[in-house]
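J.: The file below is run_23.txt, compact mmCIF, C-alpha atoms:
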# COMPACT_ATOMS: atom_id res chain seq x y z
CA MET I 1334 116.06 102.02 96.62
CA LYS I 1335 117.95 101.34 99.80
CA MET I 1336 115.71 100.33 102.60
CA GLY I 1337 116.92 98.71 105.78
CA LYS I 1338 114.89 96.87 108.38
CA ARG I 1339 116.75 98.51 111.26
CA GLY I 1340 115.96 95.64 113.52
CA ALA I 1341 112.30 96.44 114.11
CA ALA I 1342 109.52 93.92 113.76
CA THR I 1343 107.25 94.16 110.73
CA PRO I 1344 104.00 95.90 111.68
CA ALA I 1345 100.80 93.88 111.45
CA LYS I 1346 98.67 94.44 108.35
CA ASP I 1347 95.87 96.22 110.20
CA GLU I 1348 98.48 98.45 111.83
CA LEU I 1349 99.83 99.35 108.42
CA ASP I 1350 96.42 100.58 107.40
CA LYS I 1351 96.54 103.20 110.10
CA ILE I 1352 99.93 104.69 109.34
CA PRO I 1353 100.17 107.50 106.83
CA LEU I 1354 102.33 105.75 104.36
CA GLN I 1355 101.91 102.10 103.61
CA MET I 1356 105.20 100.34 103.55
CA ASP I 1357 106.26 96.85 104.40
CA ASN I 1358 109.32 96.17 106.53
CA ILE I 1359 110.08 99.77 107.19
CA THR I 1360 110.59 101.81 110.32
CA MET I 1361 110.99 105.41 111.40
CA ASN I 1362 114.76 105.46 110.95
CA VAL I 1363 114.41 104.76 107.26
CA ALA I 1364 112.10 107.75 106.89
CA GLU I 1365 114.88 109.94 108.20
CA ASN I 1366 117.55 108.54 105.91
CA ASP I 1367 115.92 107.64 102.62
CA PRO I 1368 115.15 110.70 100.48
CA ALA I 1369 112.40 108.86 98.58
CA VAL I 1370 110.63 107.85 101.78
CA GLN I 1371 111.18 111.30 103.23
CA GLY I 1372 109.70 112.84 100.09
CA LEU I 1373 106.69 110.58 100.18
CA LEU I 1374 106.05 111.42 103.80
CA GLN I 1375 106.29 115.13 102.99
CA GLU I 1376 103.82 114.64 100.16
CA GLU I 1377 101.49 112.70 102.43
CA TYR I 1378 101.79 115.41 105.08
CA ARG I 1379 100.78 118.12 102.61
CA ARG I 1380 97.89 115.99 101.36
CA CYS I 1381 96.64 115.43 104.92
CA LEU I 1382 96.73 119.17 105.65
CA ASP I 1383 94.76 119.89 102.47
CA VAL I 1384 92.12 117.28 103.24
CA LEU I 1385 91.85 118.46 106.84
CA GLU I 1386 91.26 122.03 105.70
CA ALA I 1387 88.62 120.92 103.17
CA LEU I 1388 86.84 118.80 105.79
CA GLN I 1389 86.87 121.62 108.32
CA GLN I 1390 85.31 123.91 105.73
CA LYS I 1391 82.66 121.30 105.02
CA ILE I 1392 81.81 120.65 108.66
CA ALA I 1393 81.34 124.39 109.28
CA THR I 1394 78.30 124.32 106.97
CA TYR I 1395 76.49 121.65 109.03
CA PRO I 1396 74.31 122.33 112.09
CA LYS I 1397 75.80 122.02 115.55
CA GLY I 1398 74.35 119.82 118.27
CA ALA I 1399 72.52 116.54 118.62
CA LEU I 1400 69.03 115.45 117.70
CA ASN I 1401 66.78 114.71 120.63
CA THR I 1402 63.30 113.17 120.72
CA ARG I 1403 60.87 113.70 123.58
CA GLU I 1404 57.91 111.44 123.98
CA LYS I 1405 54.69 112.78 125.46
CA VAL I 1406 51.64 110.75 126.30
CA ILE I 1407 48.41 112.65 126.24
CA GLY I 1408 45.43 110.52 126.98
CA GLU I 1409 45.92 107.31 125.08
CA ARG I 1410 48.05 108.80 122.34
CA LYS I 1411 51.80 109.21 122.13
CA TYR I 1412 53.34 112.32 120.62
CA PHE I 1413 56.98 112.75 119.58
CA TYR I 1414 58.71 116.10 119.67
CA HIS I 1415 62.07 116.43 117.94
CA SER I 1416 64.61 119.06 118.82
CA LEU I 1417 68.15 120.03 118.06
CA VAL I 1418 70.13 120.47 121.26
CA PHE I 1419 73.24 122.61 121.13
CA ARG I 1420 75.36 124.86 123.26
CA GLU I 1421 75.40 128.59 122.79
CA GLY I 1422 78.03 130.01 125.08
CA SER I 1423 77.11 128.84 128.57
CA ARG I 1424 73.48 127.96 127.88
CA VAL I 1425 71.98 124.89 126.25
CA VAL I 1426 69.47 125.56 123.50
CA ASN I 1427 66.63 123.20 122.60
CA GLN I 1428 65.46 124.14 119.13
CA HIS I 1429 62.26 122.56 117.89
CA VAL I 1430 62.58 120.65 114.63
CA PRO I 1431 59.41 120.31 112.52
CA LYS I 1432 58.70 116.78 111.32
CA SER I 1433 59.12 117.84 107.70
CA GLU I 1434 62.69 119.00 108.32
CA LEU I 1435 63.69 115.94 110.32
CA PRO I 1436 65.02 113.65 107.51
CA THR I 1437 67.25 116.41 106.08
CA LEU I 1438 68.56 117.38 109.48
CA ARG I 1439 69.19 113.77 110.45
CA ALA I 1440 71.18 113.24 107.25
CA GLN I 1441 73.18 116.40 107.91
CA VAL I 1442 73.99 115.36 111.48
CA GLU I 1443 75.07 111.89 110.27
CA GLU I 1444 77.28 113.40 107.58
CA ARG I 1445 78.76 115.83 110.10
CA ASP I 1446 79.60 112.98 112.46
CA LYS I 1447 81.25 111.08 109.62
CA CYS I 1448 83.24 114.21 108.80
CA ARG I 1449 84.21 114.66 112.44
CA LYS I 1450 85.48 111.09 112.61
CA GLU I 1451 87.51 111.63 109.48
CA ILE I 1452 88.94 114.90 110.83
CA ALA I 1453 90.08 113.04 113.96
CA THR I 1454 91.81 110.43 111.73
CA TYR I 1455 93.62 113.14 109.78
CA ARG I 1456 94.63 115.00 112.95
CA ARG I 1457 96.17 111.83 114.36
CA ARG I 1458 97.97 111.19 111.10
CA ILE I 1459 99.27 114.75 110.89
CA ALA I 1460 100.59 114.53 114.44
CA TYR I 1461 102.30 111.24 113.59
CA LEU I 1462 103.82 112.66 110.41
CA GLU I 1463 105.03 115.76 112.22
CA LYS I 1464 106.81 113.49 114.64
CA LEU I 1465 108.35 111.50 111.80
CA LEU I 1466 109.35 114.55 109.80
CA LYS I 1467 110.37 116.51 112.91
CA ILE I 1468 108.06 119.37 112.06
CA ARG I 1469 107.30 121.73 114.92
CA ARG I 1470 104.12 123.69 114.88
CA PRO I 1471 103.64 126.60 117.30
CA GLN I 1472 101.71 125.40 120.35
CA LYS I 1473 98.51 127.21 121.19
CA SER I 1474 98.74 128.60 124.69
CA ARG I 1475 95.83 127.49 126.88
CA ARG I 1476 96.32 130.32 129.34
CA ALA I 1477 95.13 133.79 128.63
CA ASN I 1478 97.85 136.32 128.13
CA PRO I 1479 98.44 137.92 131.57
CA ALA I 1480 99.32 141.22 129.93
CA MET T 201 91.83 84.99 85.22
CA ARG T 202 94.06 85.13 88.29
CA ILE T 203 92.46 85.89 91.62
CA LEU T 204 94.21 88.36 93.91
CA PRO T 205 94.67 87.31 97.54
CA LYS T 206 91.72 88.32 99.71
CA ASP T 207 93.84 90.33 102.13
CA LEU T 208 95.82 92.18 99.47
CA PHE T 209 93.83 95.37 99.95
CA PRO T 210 92.94 96.70 103.41
CA GLU T 211 89.21 96.56 104.11
CA PRO T 212 87.98 100.06 103.20
CA VAL T 213 89.89 99.80 99.91
CA GLY T 214 88.86 96.22 99.13
CA GLY T 215 85.22 97.02 99.90
CA LEU T 216 85.30 100.05 97.65
CA LEU T 217 86.88 98.12 94.78
CA ARG T 218 84.32 95.33 95.08
CA SER T 219 81.44 97.82 95.14
CA LEU T 220 82.76 99.64 92.09
CA SER T 221 83.15 96.32 90.33
CA GLY T 222 79.58 95.44 91.26
CA VAL T 223 78.17 98.41 89.33
CA GLY T 224 80.34 97.70 86.28
CA PHE T 225 82.79 100.53 86.82
CA PHE T 226 85.75 98.35 85.87
CA ASP T 227 84.17 97.28 82.59
CA ARG T 228 86.14 100.11 81.01
CA SER T 229 87.65 102.27 83.74
CA THR T 230 90.76 101.34 85.70
CA LEU T 231 92.57 101.72 88.97
CA ILE T 232 95.68 103.90 88.60
CA GLY T 233 98.21 105.41 90.99
CA SER T 234 100.58 103.75 93.41
CA TRP T 235 98.08 101.03 94.43
CA VAL T 236 98.61 99.44 91.04
CA MET T 237 102.15 98.60 92.17
CA LEU T 238 100.60 96.31 94.76
CA ILE T 239 98.93 94.33 91.96
CA TYR T 240 102.22 94.24 90.03
CA ARG T 241 103.92 92.87 93.12
CA GLU T 242 101.37 90.09 93.28
CA LEU T 243 101.22 89.27 89.57
CA TYR T 244 104.73 90.08 88.33
CA GLY T 245 106.83 89.97 91.49
CA VAL T 246 107.76 93.66 91.28
CA HIS T 247 109.53 94.72 94.45
CA TYR T 248 108.07 98.07 95.33
CA THR T 249 106.13 98.56 98.49
CA LEU T 250 105.70 102.31 98.92
CA ARG T 251 102.23 103.66 98.40
CA THR T 252 100.29 106.66 99.48
CA LEU T 253 96.76 106.56 100.83
CA ASP T 254 95.05 108.09 97.85
CA LEU T 255 93.15 105.82 95.50
CA ASP T 256 93.04 107.09 91.94
CA PHE T 257 90.80 105.90 89.16
CA ALA T 258 90.95 106.68 85.44
CA VAL T 259 87.44 106.88 84.06
CA GLN T 260 86.67 106.00 80.47
CA VAL T 261 84.15 108.45 79.08
CA ALA T 262 82.25 106.70 76.32
CA HIS T 263 79.90 109.54 75.58
CA GLY T 264 79.62 112.98 77.15
CA ARG T 265 75.87 112.59 77.59
CA ALA T 266 75.70 108.94 78.53
CA ARG T 267 72.80 108.13 80.83
CA MET T 268 73.55 107.38 84.46
CA ARG T 269 74.79 103.83 85.06
CA ALA T 270 75.33 104.17 88.79
CA ASP T 271 75.31 106.92 91.36
CA LEU T 272 78.86 106.54 92.62
CA GLU T 273 78.51 109.48 94.98
CA THR T 274 75.78 107.67 96.92
CA LEU T 275 77.52 104.32 96.57
CA ILE T 276 80.84 105.56 97.95
CA SER T 277 79.15 107.59 100.71
CA GLY T 278 77.23 104.47 101.67
CA LEU T 279 80.53 102.69 102.26
CA GLY T 280 81.41 105.15 105.03
CA PHE T 281 83.30 107.64 102.89
CA THR T 282 82.50 111.32 103.01
CA SER T 283 82.75 113.62 100.02
CA PHE T 284 84.45 116.98 99.99
CA PHE T 285 85.57 119.55 97.48
CA ALA T 286 89.26 120.15 97.07
CA ALA T 287 90.83 123.32 95.74
CA GLY T 288 89.56 123.92 92.23
CA GLY T 289 86.20 122.32 92.99
CA LEU T 290 87.24 118.71 92.41
CA GLN T 291 85.02 116.27 94.24
CA LYS T 292 86.92 113.77 96.33
CA PHE T 293 85.99 111.19 98.94
CA THR T 294 87.70 110.26 102.15
CA GLY T 295 87.13 107.38 104.53
CA GLY T 296 89.37 105.80 107.14
CA GLY T 297 92.10 108.18 106.00
CA TYR T 298 91.95 106.98 102.38
CA GLU T 299 91.28 109.53 99.68
CA VAL T 300 89.42 108.64 96.49
CA GLU T 301 89.81 110.65 93.28
CA PHE T 302 88.64 110.25 89.72
CA PHE T 303 90.42 111.35 86.56
CA VAL T 304 89.60 111.45 82.86
CA HIS T 305 91.73 111.76 79.78
CA ARG T 306 92.57 115.35 78.87
CA HIS T 307 92.28 116.20 75.18
CA GLY T 308 93.37 119.81 75.23
CA GLY T 309 95.72 122.00 77.24
CA ARG T 310 95.98 122.71 80.96
CA SER T 311 93.03 125.09 80.79
CA GLU T 312 90.56 122.23 80.38
CA GLU T 313 88.08 122.35 83.24
CA LEU T 314 86.74 119.67 85.57
CA ARG T 315 84.52 117.18 83.82
CA THR T 316 81.12 116.21 85.16
CA LEU T 317 80.44 112.55 84.47
CA GLY T 318 76.71 112.00 84.24
CA GLU T 319 77.27 108.28 83.75
CA TRP T 320 78.61 107.94 87.27
CA LYS T 321 77.32 111.16 88.90
CA LEU T 322 80.82 112.37 89.63
CA SER T 323 83.24 115.09 88.72
CA ALA T 324 86.70 114.16 87.49
CA LEU T 325 89.95 115.97 86.83
CA PRO T 326 91.26 115.81 83.25
CA LEU T 327 94.90 114.68 82.96
CA PRO T 328 96.97 114.11 79.81
CA PHE T 329 97.85 110.64 78.46
CA LEU T 330 95.35 108.84 80.69
CA ARG T 331 93.78 107.09 77.72
CA MET T 332 96.96 105.06 77.41
CA LEU T 333 96.32 103.56 80.85
CA ILE T 334 92.68 102.81 80.06
CA GLU T 335 93.25 101.34 76.60
CA PHE T 336 96.13 99.13 77.68
CA SER T 337 94.60 97.60 80.75
CA GLU T 338 93.85 94.10 81.97
CA ALA T 339 91.31 92.60 84.31
CA VAL T 340 92.12 90.61 87.41
CA ALA T 341 89.69 88.94 89.80
CA LEU T 342 89.28 90.36 93.29
CA ASP T 343 87.25 87.34 94.30
CA GLU T 344 84.81 84.90 92.67
CA THR T 345 82.39 87.67 91.68
CA ALA T 346 84.35 90.93 91.40
CA THR T 347 86.97 91.98 88.90
CA LEU T 348 89.31 94.92 88.84
CA ARG T 349 90.96 96.60 85.87
CA TYR T 350 94.55 97.87 86.04
CA PRO T 351 96.95 99.25 83.41
CA ILE T 352 99.50 96.81 82.03
CA PRO T 353 103.02 97.53 83.40
CA GLU T 354 104.23 98.76 79.99
CA ALA T 355 101.51 101.44 79.83
CA TYR T 356 102.04 102.44 83.46
CA PHE T 357 105.80 102.66 82.84
CA LEU T 358 105.47 104.78 79.70
CA HIS T 359 102.90 107.06 81.31
CA LYS T 360 105.24 107.72 84.22
CA LEU T 361 108.14 108.41 81.85
CA ILE T 362 106.04 110.99 80.02
CA ILE T 363 104.55 112.85 82.94
CA ASN T 364 107.61 112.75 85.18
CA PRO T 365 109.60 115.77 83.90
CA ASN T 366 106.44 117.91 84.08
CA ARG T 367 105.71 117.11 87.71
CA LEU T 368 105.82 120.24 89.82
CA VAL T 369 106.60 118.46 93.09
CA LYS T 370 110.12 117.04 93.33
CA GLU T 371 109.03 114.19 95.63
CA LYS T 372 106.46 113.01 93.09
CA ARG T 373 109.09 113.06 90.35
CA GLU T 374 111.34 110.87 92.47
CA LYS T 375 108.49 108.51 93.30
CA ASP T 376 107.62 108.12 89.60
CA LEU T 377 111.19 107.24 88.72
CA GLU T 378 111.43 104.78 91.60
CA GLN T 379 108.34 103.01 90.30
CA CYS T 380 109.70 102.97 86.74
CA ALA T 381 113.00 101.55 87.95
CA ALA T 382 111.14 98.81 89.81
CA LEU T 383 109.11 97.95 86.70
CA MET T 384 112.06 97.80 84.30
CA GLY T 385 112.70 94.14 84.96
CA VAL T 386 109.20 92.93 84.03
CA LEU T 387 108.60 94.90 80.84
CA ASP T 388 107.76 93.23 77.55
CA LEU T 389 109.50 95.44 74.97
CA GLU T 390 107.11 94.36 72.23
CA LYS T 391 104.13 95.52 74.29
CA LEU T 392 105.97 98.68 75.27
CA ARG T 393 106.47 99.61 71.62
CA ARG T 394 102.83 98.84 70.91
CA VAL T 395 101.75 101.26 73.64
CA LEU T 396 104.17 103.86 72.35
CA ASP T 397 102.99 103.47 68.73
CA SER T 398 99.39 104.01 69.79
CA GLN T 399 100.18 107.52 71.01
CA ARG T 400 100.56 110.72 69.09
CA MET T 401 103.44 112.54 70.70
CA SER T 402 105.03 115.92 70.30
CA GLY T 403 108.77 116.45 70.29
CA LYS T 404 108.48 117.72 73.85
CA THR T 405 106.84 114.49 75.00
CA ARG T 406 109.49 112.41 73.25
CA ARG T 407 112.19 114.45 74.94
CA ALA T 408 110.44 113.88 78.28
CA ILE T 409 110.61 110.13 77.70
CA VAL T 410 114.31 110.33 76.87
CA THR T 411 115.04 112.46 79.96
CA SER T 412 113.21 109.99 82.23
CA CYS T 413 114.96 107.03 80.58
CA HIS T 414 118.35 108.60 81.27
CA ALA T 415 117.38 109.22 84.89
CA ILE T 416 116.64 105.53 85.51
CA GLY T 417 119.21 104.08 83.12
CA PHE T 418 116.67 102.55 80.74
CA PRO T 419 117.97 102.13 77.16
CA VAL T 420 116.17 104.61 74.90
CA GLU T 421 116.88 102.28 71.95
CA ALA T 422 114.17 99.99 73.32
CA PHE T 423 111.61 102.43 71.95
CA GLY T 424 112.92 102.03 68.41
CA THR T 425 115.16 103.87 66.00
CA GLU T 426 113.04 107.01 66.16
CA PHE T 427 114.20 107.50 69.72
CA SER T 428 117.74 106.21 69.53
CA TRP T 429 119.08 109.40 67.90
CA MET T 430 117.57 111.44 70.74
CA GLY T 431 119.48 109.46 73.29
CA HIS T 432 122.80 110.89 72.22
Would you write the structure of this file as structure tokens?
T.:
Amino acid sequence: MKMGKRGAATPAKDELDKIPLQMDNITMNVAENDPAVQGLLQEEYRRCLDVLEALQQKIATYPKGALNTREKVIGERKYFYHSLVFREGSRVVNQHVPKSELPTLRAQVEERDKCRKEIATYRRRIAYLEKLLKIRRPQKSRRANPA
Amino acid sequence: MRILPKDLFPEPVGGLLRSLSGVGFFDRSTLIGSWVMLIYRELYGVHYTLRTLDLDFAVQVAHGRARMRADLETLISGLGFTSFFAAGGLQKFTGGGYEVEFFVHRHGGRSEELRTLGEWKLSALPLPFLRMLIEFSEAVALDETATLRYPIPEAYFLHKLIINPNRLVKEKREKDLEQCAALMGVLDLEKLRRVLDSQRMSGKTRRAIVTSCHAIGFPVEAFGTEFSWMGH
């Protein structure tokens, strides 16, 4: 396999862990020229899209919002009230969480956050791969259609 | 037993391998996929540096109803990975952008369904000829306490030759052949024949080997007289 250095410095090892395809002594130009590298990047791109879709499906099943605990002191005793705080349109909803449901909900929120972190990683990687592979995706317009 | 350098695997991968080793996963099961090439580079000086971010493992199923040895789902999730279900219902894990998948040997045709492994509390995808990688594998130390199992280069090479013509994705076919070409220089022909002799192969599989050999310029005669007539 022909692989040139193209004059760029070798990325640090921890940097290599973040890029979609792990290769030593290789730069963007090689990805454009070498069919094997190009193919691998394409494969990695497809894999990232699949994982992203699966993770988005998974995260949709988890509850929205954050867990909040309010402490109330009545007399000499302290009471803790747990609630799930989330947005519903323009208003903020405080939904009471019974103590019995708390461990399950906490686990779900933790798992959702882990998923969210992973989704962010895949989004970054997809953006990077699209740049490498010169793939253009239609941009979502932020403005409402004036018509 | 040789010890692999500590920084050979990036941290999420190294941590996962050490944890799997800790529960005895590598007593019989092995690491497969492009990460094995990294071990070959270290142990045999194979020059091949491309690898994708998916970590594949071939699981040896001793008994369909074996009692649970370790809950790998909880173990892997505890390492910061999150599980998800890919198309077809296969359970996979992802963490730090790395994807973890498990495979088992497929006995029958393509219609064979996902296998639930009670021994490890996992589901795995059956693939053909995986037993070859598990049976012809070696152990290498990750550190003073953990060991990792990987297929010997001859088994990895032959497996790639077999599966390559049946790959649906062109890029994967090319990657397989690149890996085979990189391994050609370190193969022990005696071992290669031993791996080959251990397999029952159809005419179609033999033809697949010959096709792949031609693609990388590997002499078919190395597999013995049975193959040499097919090379012409």
J.: Residues of chain T within 12 Å of chain I: nearest atom pair and distance (Å, one decimal) for each, counting only C-alpha atoms, sorted by chain and number, as a tab-separated table?
T.:
residue	atom	partner	partner_atom	distance
T:Asp207	CA	I:Lys1346	CA	8.9
T:Leu208	CA	I:Lys1346	CA	9.6
T:Phe209	CA	I:Asp1350	CA	9.5
T:Pro210	CA	I:Asp1350	CA	6.6
T:Glu211	CA	I:Asp1350	CA	8.9
T:Pro212	CA	I:Asp1350	CA	9.4
T:Val213	CA	I:Asp1350	CA	10.0
T:Ser234	CA	I:Gln1355	CA	10.4
T:Trp235	CA	I:Gln1355	CA	10.0
T:Met237	CA	I:Met1356	CA	11.9
T:Leu238	CA	I:Gln1355	CA	10.7
T:His247	CA	I:Met1334	CA	10.0
T:Tyr248	CA	I:Met1356	CA	9.0
T:Thr249	CA	I:Met1356	CA	5.4
T:Leu250	CA	I:Met1356	CA	5.1
T:Arg251	CA	I:Gln1355	CA	5.4
T:Thr252	CA	I:Leu1354	CA	5.4
T:Leu253	CA	I:Leu1354	CA	6.6
T:Asp254	CA	I:Arg1380	CA	9.1
T:Ser277	CA	I:Glu1444	CA	9.2
T:Gly278	CA	I:Glu1444	CA	10.7
T:Leu279	CA	I:Lys1447	CA	11.2
T:Gly280	CA	I:Lys1447	CA	7.5
T:Phe281	CA	I:Lys1447	CA	7.8
T:Thr282	CA	I:Cys1448	CA	6.5
T:Ser283	CA	I:Leu1388	CA	8.8
T:Phe284	CA	I:Leu1388	CA	6.5
T:Phe285	CA	I:Ala1387	CA	6.6
T:Ala286	CA	I:Ala1387	CA	6.2
T:Ala287	CA	I:Ala1387	CA	8.1
T:Gly288	CA	I:Ala1387	CA	11.4
T:Gly289	CA	I:Ala1387	CA	10.6
T:Leu290	CA	I:Ala1387	CA	11.1
T:Gln291	CA	I:Ala1387	CA	10.7
T:Lys292	CA	I:Val1384	CA	9.3
T:Phe293	CA	I:Val1384	CA	9.7
T:Thr294	CA	I:Glu1451	CA	7.5
T:Gly295	CA	I:Glu1451	CA	6.5
T:Gly296	CA	I:Glu1451	CA	6.6
T:Gly297	CA	I:Thr1454	CA	6.2
T:Tyr298	CA	I:Asp1350	CA	9.3
T:Glu299	CA	I:Val1384	CA	8.6
T:Val300	CA	I:Val1384	CA	11.3
T:Leu368	CA	I:Glu1376	CA	11.9
T:Val369	CA	I:Glu1376	CA	8.5
T:Lys370	CA	I:Gly1372	CA	8.0
T:Glu371	CA	I:Gly1372	CA	4.7
T:Lys372	CA	I:Leu1373	CA	7.5
T:Arg373	CA	I:Gly1372	CA	9.8
T:Glu374	CA	I:Ala1369	CA	6.5
T:Lys375	CA	I:Ala1369	CA	6.6
T:Asp376	CA	I:Ala1369	CA	10.2
T:Leu377	CA	I:Ala1369	CA	10.1
T:Glu378	CA	I:Met1334	CA	7.4
T:Gln379	CA	I:Met1334	CA	10.0
T:Cys380	CA	I:Met1334	CA	11.8
T:Ala381	CA	I:Met1334	CA	9.2
T:Ala382	CA	I:Met1334	CA	9.0
T:Ile416	CA	I:Met1334	CA	11.7
J.: What is the CA of Val420 in chain T-CA of Phe329 in chain T distance in Å, reported with one decimal?
T.: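 Going from CA of Val420 in chain T over to CA of Phe329 in chain T covers 19.6 Å.
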J.: Using only C-alpha atoms, which of the listed residues (T:Glu390, T:Glu273, T:Glu344, T:Glu354) sits closest to Trp320 in chain T?
T.: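 Of the candidates, the smallest distance to Trp320 in chain T is held by T:Glu273.
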J.: Counting all atoms listed in the file, which residue out of T:Val246, T:Ala408, T:Leu348, T:Leu396 sits closest to Leu204 in chain T?
T.: T:Leu348
J.: Fewer than 5 positions away in the same chain doesn't count, so skip those; otherwise give me all residues within 12 Å of Val1425 in chain I, counting all atoms listed in the file, as a PyMOL selection string.
T.: chain I and resi 1397-1399+1416-1420
J.: Could you check how far CA of Leu387 in chain T sits from CA of Phe357 in chain T, in Å to one decimal?
T.: 8.5 Å
J.: Near range 400-404 of chain T, counting all atoms listed in the file, which residues have an atom at most 10 Å away, once you skip same-chain residues fewer than 5 positions from it, shown as number ranges by chain?
T.: T: 329, 362, 409-410
J.: Counting all atoms listed in the file, which residues have an atom no more than 10 Å from (97.7, 89.7, 94.4) in the file's coordinates? Please list them as an mmCIF file with C-alpha atoms, in the coordinates of the input.
T.:
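That gives us out-v3.cif:
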data_model
loop_
_atom_site.group_PDB
_atom_site.id
_atom_site.type_symbol
_atom_site.label_atom_id
_atom_site.label_comp_id
_atom_site.auth_asym_id
_atom_site.auth_seq_id
_atom_site.Cartn_x
_atom_site.Cartn_y
_atom_site.Cartn_z
ATOM 1 C CA ARG T 202 94.060 85.130 88.290
ATOM 2 C CA ILE T 203 92.460 85.890 91.620
ATOM 3 C CA LEU T 204 94.210 88.360 93.910
ATOM 4 C CA PRO T 205 94.670 87.310 97.540
ATOM 5 C CA LYS T 206 91.720 88.320 99.710
ATOM 6 C CA ASP T 207 93.840 90.330 102.130
ATOM 7 C CA LEU T 208 95.820 92.180 99.470
ATOM 8 C CA PHE T 209 93.830 95.370 99.950
ATOM 9 C CA LEU T 238 100.600 96.310 94.760
ATOM 10 C CA ILE T 239 98.930 94.330 91.960
ATOM 11 C CA TYR T 240 102.220 94.240 90.030
ATOM 12 C CA ARG T 241 103.920 92.870 93.120
ATOM 13 C CA GLU T 242 101.370 90.090 93.280
ATOM 14 C CA LEU T 243 101.220 89.270 89.570
ATOM 15 C CA TYR T 244 104.730 90.080 88.330
ATOM 16 C CA GLY T 245 106.830 89.970 91.490
ATOM 17 C CA VAL T 340 92.120 90.610 87.410
ATOM 18 C CA ALA T 341 89.690 88.940 89.800
ATOM 19 C CA LEU T 342 89.280 90.360 93.290
#
J.: Expressed in Å to a single decimal, how great is the separation between CA of Leu358 in chain T and CA of Gln260 in chain T?
T.: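 The value is 18.9 Å.
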J.: As JSON, please: the centre and edge lengths in Å, to one decimal, of an axis-aligned box enclosing every listed atom of range 1381-1384 of chain I with 5 Å added on each side.
T.:
{"center_x": 94.4, "center_y": 117.7, "center_z": 104.1, "size_x": 14.6, "size_y": 14.5, "size_z": 13.2}
